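Input: a single structure, listed below in structure tokens.
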Amino acid sequence: MSAVMKNLARSALAVPGMVSVAQAAAPAEAETGYRFTYYSEDDSPASRSDGGAQERYKIQVHQFYLMMPFGDHMSWDIETSFESMSGASPAYTYKDDEDVTRVYMSGASTERRFDLYGSGRYYWSEAEAGATAGFSTERDYTAFFAGTDGSIQLNEQMTTISGGLSAGYDILNPTQDFSGDQQQQANTPGRFAAKGESIWQVSAYEGVGQVIDMNTVVQAGISVTHKNGYLSDPYREYAGAEVPYDIRPDNRTLLTLSGGARRYFPGPDAALHADVRFLVDTWDIFSSTWEVAWYQNYAPNWNWFVDNAIDFQLVPKLRYYQQTEAYFYEIPDHGVADPYYTADTTTYYSSDPRLSKYGALSIGLSLKTDFRQFSWTIGGERYAANPAYGFNGDEETPGLVSFWRLTTGLDYRF
Amino acid sequence: MSIKSLTITLVALLLATGCTTVKPWQRGTLAKPEMSWSPDPLEATLENHIYYSKEASFGGTAAAGGGCGCN
Amino acid sequence: MGGPCVLSVYTDCESGLMDRLEAEVRRLETKYSRFDPDSLLSRMNRSAGDWFDIDPETAGLLDFADQCFRESEGLFDITTGVLRRAWDFKSGRLPEQRHLNAVLSAVGWPRVERRGSRIKIPTGMELDLGGLVKEFAADRLLALMAEADVSGLVNLAGDIGVTGPQPDGTPWLVGISHPRRPGQAAATLPLSSGALATSGDYERFMVVNGRRYCHILHPGTGWPVPGGPASVTIVTDHCLLAGALTTMAMLKGKEAESWLAGLGVPFLLFDEQLTVSGTLASRSPRPHSQ
């Protein structure tokens, strides 16, 4: 079919009511996209470092996506990403003899990660179902994932009930030390303990969406996830202690409740997104996530722009996250005889800042430019985590991350 | 904000079902890409991945995604 | 809607489907009628000079009209309705060029402003959706029939669409009017899916000094395009698209055939000498000779 016919056919299909709503909603055209992201964490303050590397992660991410319709009722897609990262991450946190909290950063390293996901979907007149499988691989970590999901529209298609089930299996291989076991245990006890360990994960999701009026749709959902296996961080270790420096329970159950709304404003030709998520888990963590975004469209009425179907979309985003600490979060005090350095793996402790009480604020801005069948996207995000943002004025939680992110990429529909 | 109030919202939502009907030909707006729950799949994947590796929380969406050894 | 309308539907009478189909046609007729002063179209045209709020359905149709304007390099223009003020096909008299020039100044789709769900028609101009609404109505009926899971054919005065093959699996047989012999089929085409539209110089025309002037008028000159096809039939997925394409082809004049071939769309074309061409010509039974 010629480009003229494609443009006209797409435009005809866009007229509301042209196609029976009961007809399968399979995607009519293929889409492919690429994104490049540069991600840079703020350096760890030297004053708090105990001598380890200070330069934190710099990550470059390449992402690729391809979705193809397959017949009238099906589509398939693949999504893949490749990351290369260098920099250090906090290995352990402690209070020194003067009770100053210090962070030891693990040595700078260069790592690569690759993942690939494939999925297929089938569309009925008022329902759809999909299945996804994929893996993620790194030098020291391999993860497999499979899931299935579906949705059905009820009540004259005003209500959508959706659900999903997924499972994951991760294998840890954190030690590259090929010396004898005893030596490994002495040199890198955390990594040695995690050698060959694995994690199982199962997750279930149930949601309901509701059309409120011509311009508004809302949804609410609940999910339960259970993890079982080696959940400690193998890289948090204190050389010389001969026991792992991070021992967490071997299972964790998380419950989330989420809600969201989308509202279109015809006057300014813009859409408002609002999303909220609450999470509780068996590690006593309670968290809430609040997100708002504004999708502002702008289509200039000048000939050249109109002829080339050029329009713009500016999207400012605001995100707030807050969590309480895990019940075993602890900054060990090296000034006192510490009860934690034992080989008893049922006494849990971790100084991972991600398990502390803190909050995080993020602002983002992106611009999408459509040109005929192409869309070019460029956007940035600033993220800063801070104990104060999580109403934690009592204790220091060094090692929390702040980062800048720049993402740009191209999409093509055909 | 408690879990209870969210549950009430959920129930209220279910009760609201059927009060107004938006005719199929009035649904053009809802079909706009910017009205979808996740307009940019690659951006959503990346965000989930970053927040997963930097925060203690994850999940809550239909597409839960897989794990990684991200530090 | 003008012209004979035929619905062939395999359904039981109890379902209420026929009532829904009729209601849908009436809804669109009421909304976009040129003759009803209370129709949305009339109110929109009366508000020329001011911004006017339009609903998503109208916006969708106008977006489609806009796409047609662009893809036809300005030939398909829904502001040409005003040319009716200069052309009276019943009178048998050609319009005066002076009069035509005056009316032409009120033609030009790019001068219509759009901002989101609002539209501003310049003072003195008006929109005519006559070339879109009948086709859209046919598509709506097909959509409603598909929703009710019934099989059928819609024929709104030559804009024809089917929900699929007949229940026994055979295609519907659709007759194509002979451009010079009203009421006679020049060809019969099998239609298993999609839609078919025909446009011709025989629908409304006058003959002056041996020359035929039809109602499909060029937005730049205000005159019919000389050397254009006698009729064009196009088969594609939807009536709305098929109808717009036949209008564009009529306005392409002598280039109609090569333009249609370039689009890669199945078509059947009778040129001025009634020579048949097009991808459908070979597949269909031979046109009746003489």
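Naming scheme: A, B, ... for chains in displayed order of the structure tokens; residues 1 onward per chain; ligands 1 onward as shown.
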
Problem set entry | Proximal residues of chain A relative to chain C (only C-alpha atoms; 7 Å) as a ChimeraX atom specification | /A:1-2,4-5,8-9,11-12,14-22,266-267,269,307

For this session: Find the spatial neighbours of A:Met68, counting only C-alpha atoms, within a cut-off of 6 Å - ignore same-chain residues fewer than 4 positions away - and output them as a PyMOL selection string.
Result: chain A and resi 30+75-76

Could those selected residues go to a file with C-alpha atoms, as a short mmCIF file (atom, residue, chain, number, x, y, z; two decimals), in the first residue's frame?
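Output below, filename again37.cif:
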data_model
loop_
_atom_site.label_atom_id
_atom_site.label_comp_id
_atom_site.auth_asym_id
_atom_site.auth_seq_id
_atom_site.Cartn_x
_atom_site.Cartn_y
_atom_site.Cartn_z
CA ALA A 30 3.88 -2.12 13.62
CA SER A 75 0.56 -9.21 17.94
CA TRP A 76 4.02 -10.02 19.20
#

Problem set entry | Nearby residues (only C-alpha atoms) at most 10 Å from C:Leu280, same-chain spacing under 6 positions excluded, as a list in words |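 Contacts, with the query itself left out: Ala187, Leu189, Thr233, Ile234, Val235, Val265, Pro266, Phe267, Leu268 and Leu269 of chain C.
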
Problem set entry | Check: which chain A residues lie within 7 Å of chain B using only C-alpha atoms, as an MDAnalysis selection string | chainID A and resid 16:17 21 89 136 141 143:145 155 163:164 168 205 213:215 220 222:223 256:258 262 271 295 354:355

May I have the selected residues written with N, CA and C atoms, as a PDB file, in the first residue's frame?
ATOM      1  N   PRO A  16     -14.040   8.547  15.385  1.00  0.00           N
ATOM      2  CA  PRO A  16     -14.684   7.724  16.401  1.00  0.00           C
ATOM      3  C   PRO A  16     -15.883   6.975  15.824  1.00  0.00           C
ATOM      4  N   GLY A  17     -15.978   5.692  16.107  1.00  0.00           N
ATOM      5  CA  GLY A  17     -17.136   4.911  15.682  1.00  0.00           C
ATOM      6  C   GLY A  17     -16.972   4.235  14.337  1.00  0.00           C
ATOM      7  N   VAL A  21     -16.759  -1.340  17.966  1.00  0.00           N
ATOM      8  CA  VAL A  21     -15.989  -1.456  19.208  1.00  0.00           C
ATOM      9  C   VAL A  21     -15.852  -2.909  19.605  1.00  0.00           C
ATOM     10  N   SER A  89      29.613   1.157  44.329  1.00  0.00           N
ATOM     11  CA  SER A  89      28.390   1.246  45.101  1.00  0.00           C
ATOM     12  C   SER A  89      28.743   1.031  46.572  1.00  0.00           C
ATOM     13  N   SER A 136      17.531 -11.889  32.001  1.00  0.00           N
ATOM     14  CA  SER A 136      18.487 -10.807  32.173  1.00  0.00           C
ATOM     15  C   SER A 136      19.793 -11.461  32.589  1.00  0.00           C
ATOM     16  N   TYR A 141      25.036 -12.509  37.778  1.00  0.00           N
ATOM     17  CA  TYR A 141      23.618 -12.638  38.100  1.00  0.00           C
ATOM     18  C   TYR A 141      22.837 -13.010  36.853  1.00  0.00           C
ATOM     19  N   ALA A 143      18.784 -13.860  35.610  1.00  0.00           N
ATOM     20  CA  ALA A 143      17.385 -13.874  36.041  1.00  0.00           C
ATOM     21  C   ALA A 143      16.499 -14.334  34.896  1.00  0.00           C
ATOM     22  N   PHE A 144      15.566 -15.228  35.207  1.00  0.00           N
ATOM     23  CA  PHE A 144      14.578 -15.673  34.225  1.00  0.00           C
ATOM     24  C   PHE A 144      13.212 -15.210  34.684  1.00  0.00           C
ATOM     25  N   PHE A 145      12.354 -14.915  33.718  1.00  0.00           N
ATOM     26  CA  PHE A 145      11.048 -14.368  34.057  1.00  0.00           C
ATOM     27  C   PHE A 145      10.011 -14.875  33.064  1.00  0.00           C
ATOM     28  N   ASN A 155     -19.874  -4.541  31.016  1.00  0.00           N
ATOM     29  CA  ASN A 155     -20.707  -3.375  31.274  1.00  0.00           C
ATOM     30  C   ASN A 155     -20.628  -2.373  30.124  1.00  0.00           C
ATOM     31  N   GLY A 163      -5.912  -8.952  35.037  1.00  0.00           N
ATOM     32  CA  GLY A 163      -5.181  -9.757  36.006  1.00  0.00           C
ATOM     33  C   GLY A 163      -3.912 -10.288  35.388  1.00  0.00           C
ATOM     34  N   GLY A 164      -2.975 -10.643  36.252  1.00  0.00           N
ATOM     35  CA  GLY A 164      -1.725 -11.195  35.739  1.00  0.00           C
ATOM     36  C   GLY A 164      -1.057 -12.098  36.760  1.00  0.00           C
ATOM     37  N   GLY A 168       9.509 -15.702  38.614  1.00  0.00           N
ATOM     38  CA  GLY A 168      10.893 -15.427  38.266  1.00  0.00           C
ATOM     39  C   GLY A 168      11.829 -16.355  39.008  1.00  0.00           C
ATOM     40  N   TYR A 205      -1.451 -10.174  40.142  1.00  0.00           N
ATOM     41  CA  TYR A 205      -2.003  -8.815  40.056  1.00  0.00           C
ATOM     42  C   TYR A 205      -3.465  -8.890  39.663  1.00  0.00           C
ATOM     43  N   ASP A 213     -16.212   9.262  32.208  1.00  0.00           N
ATOM     44  CA  ASP A 213     -16.938  10.009  31.179  1.00  0.00           C
ATOM     45  C   ASP A 213     -16.068  10.053  29.927  1.00  0.00           C
ATOM     46  N   MET A 214     -16.466  10.877  28.974  1.00  0.00           N
ATOM     47  CA  MET A 214     -15.758  10.938  27.694  1.00  0.00           C
ATOM     48  C   MET A 214     -14.268  11.219  27.830  1.00  0.00           C
ATOM     49  N   ASN A 215     -13.901  11.885  28.926  1.00  0.00           N
ATOM     50  CA  ASN A 215     -12.521  12.326  29.061  1.00  0.00           C
ATOM     51  C   ASN A 215     -11.781  11.716  30.240  1.00  0.00           C
ATOM     52  N   ALA A 220      -7.856   0.839  39.659  1.00  0.00           N
ATOM     53  CA  ALA A 220      -7.309   0.476  40.958  1.00  0.00           C
ATOM     54  C   ALA A 220      -6.823  -0.954  40.855  1.00  0.00           C
ATOM     55  N   ILE A 222      -4.492  -4.379  42.916  1.00  0.00           N
ATOM     56  CA  ILE A 222      -3.855  -4.971  44.083  1.00  0.00           C
ATOM     57  C   ILE A 222      -2.884  -6.033  43.584  1.00  0.00           C
ATOM     58  N   SER A 223      -1.713  -6.130  44.214  1.00  0.00           N
ATOM     59  CA  SER A 223      -0.781  -7.168  43.800  1.00  0.00           C
ATOM     60  C   SER A 223      -0.120  -7.787  45.021  1.00  0.00           C
ATOM     61  N   THR A 256       0.822  -4.702  47.362  1.00  0.00           N
ATOM     62  CA  THR A 256       0.663  -3.316  46.909  1.00  0.00           C
ATOM     63  C   THR A 256      -0.800  -3.040  46.582  1.00  0.00           C
ATOM     64  N   LEU A 257      -1.184  -1.804  46.832  1.00  0.00           N
ATOM     65  CA  LEU A 257      -2.485  -1.297  46.386  1.00  0.00           C
ATOM     66  C   LEU A 257      -2.165  -0.085  45.533  1.00  0.00           C
ATOM     67  N   SER A 258      -2.773  -0.013  44.365  1.00  0.00           N
ATOM     68  CA  SER A 258      -2.446   1.132  43.527  1.00  0.00           C
ATOM     69  C   SER A 258      -3.701   1.718  42.914  1.00  0.00           C
ATOM     70  N   ARG A 262      -6.618   9.057  34.531  1.00  0.00           N
ATOM     71  CA  ARG A 262      -6.202   9.789  33.337  1.00  0.00           C
ATOM     72  C   ARG A 262      -7.364  10.705  32.967  1.00  0.00           C
ATOM     73  N   ALA A 271      -3.415  16.013  28.660  1.00  0.00           N
ATOM     74  CA  ALA A 271      -3.912  14.934  29.515  1.00  0.00           C
ATOM     75  C   ALA A 271      -3.160  14.944  30.845  1.00  0.00           C
ATOM     76  N   TYR A 295       0.570  15.807  30.040  1.00  0.00           N
ATOM     77  CA  TYR A 295       0.936  15.593  28.641  1.00  0.00           C
ATOM     78  C   TYR A 295       0.336  16.721  27.810  1.00  0.00           C
ATOM     79  N   ARG A 354      19.061   1.430  51.116  1.00  0.00           N
ATOM     80  CA  ARG A 354      17.762   1.225  50.470  1.00  0.00           C
ATOM     81  C   ARG A 354      16.736   0.608  51.418  1.00  0.00           C
ATOM     82  N   LEU A 355      17.218   0.138  52.583  1.00  0.00           N
ATOM     83  CA  LEU A 355      16.290  -0.418  53.566  1.00  0.00           C
ATOM     84  C   LEU A 355      16.053   0.555  54.716  1.00  0.00           C
TER      85      LEU A 355
END

Exercise. Between C:Ala281, C:Leu129, C:Met250, C:Val9, which one has atoms that come closest to C:Ser33, using only C-alpha atoms?
Worked result: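 The answer is C:Leu129, which sits nearest to C:Ser33.
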
Problem set entry | Nearby residues (only C-alpha atoms) at most 8 Å from C:Trp109, same-chain spacing under 5 positions excluded, as a list of chain:residue names |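 The filter keeps C:Asp66, C:Phe69, C:Asp77, C:Ile78, C:Thr79.
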
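The smallest atom-to-atom distance between chain B and any of C:Val225, C:Leu28, C:Val208, C:Thr275, using only C-alpha atoms, is found for C:Leu28.
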
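Between atom CA of A:Tyr123 and atom CA of A:Val211 the separation is 19.9 Å.
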
Exercise. Between atom CA of A:Tyr94 and atom CA of A:Thr110, what is the spacing in Å?
Worked result: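 Result for atom CA of A:Thr110 versus atom CA of A:Tyr94: 25.8 Å, one decimal.
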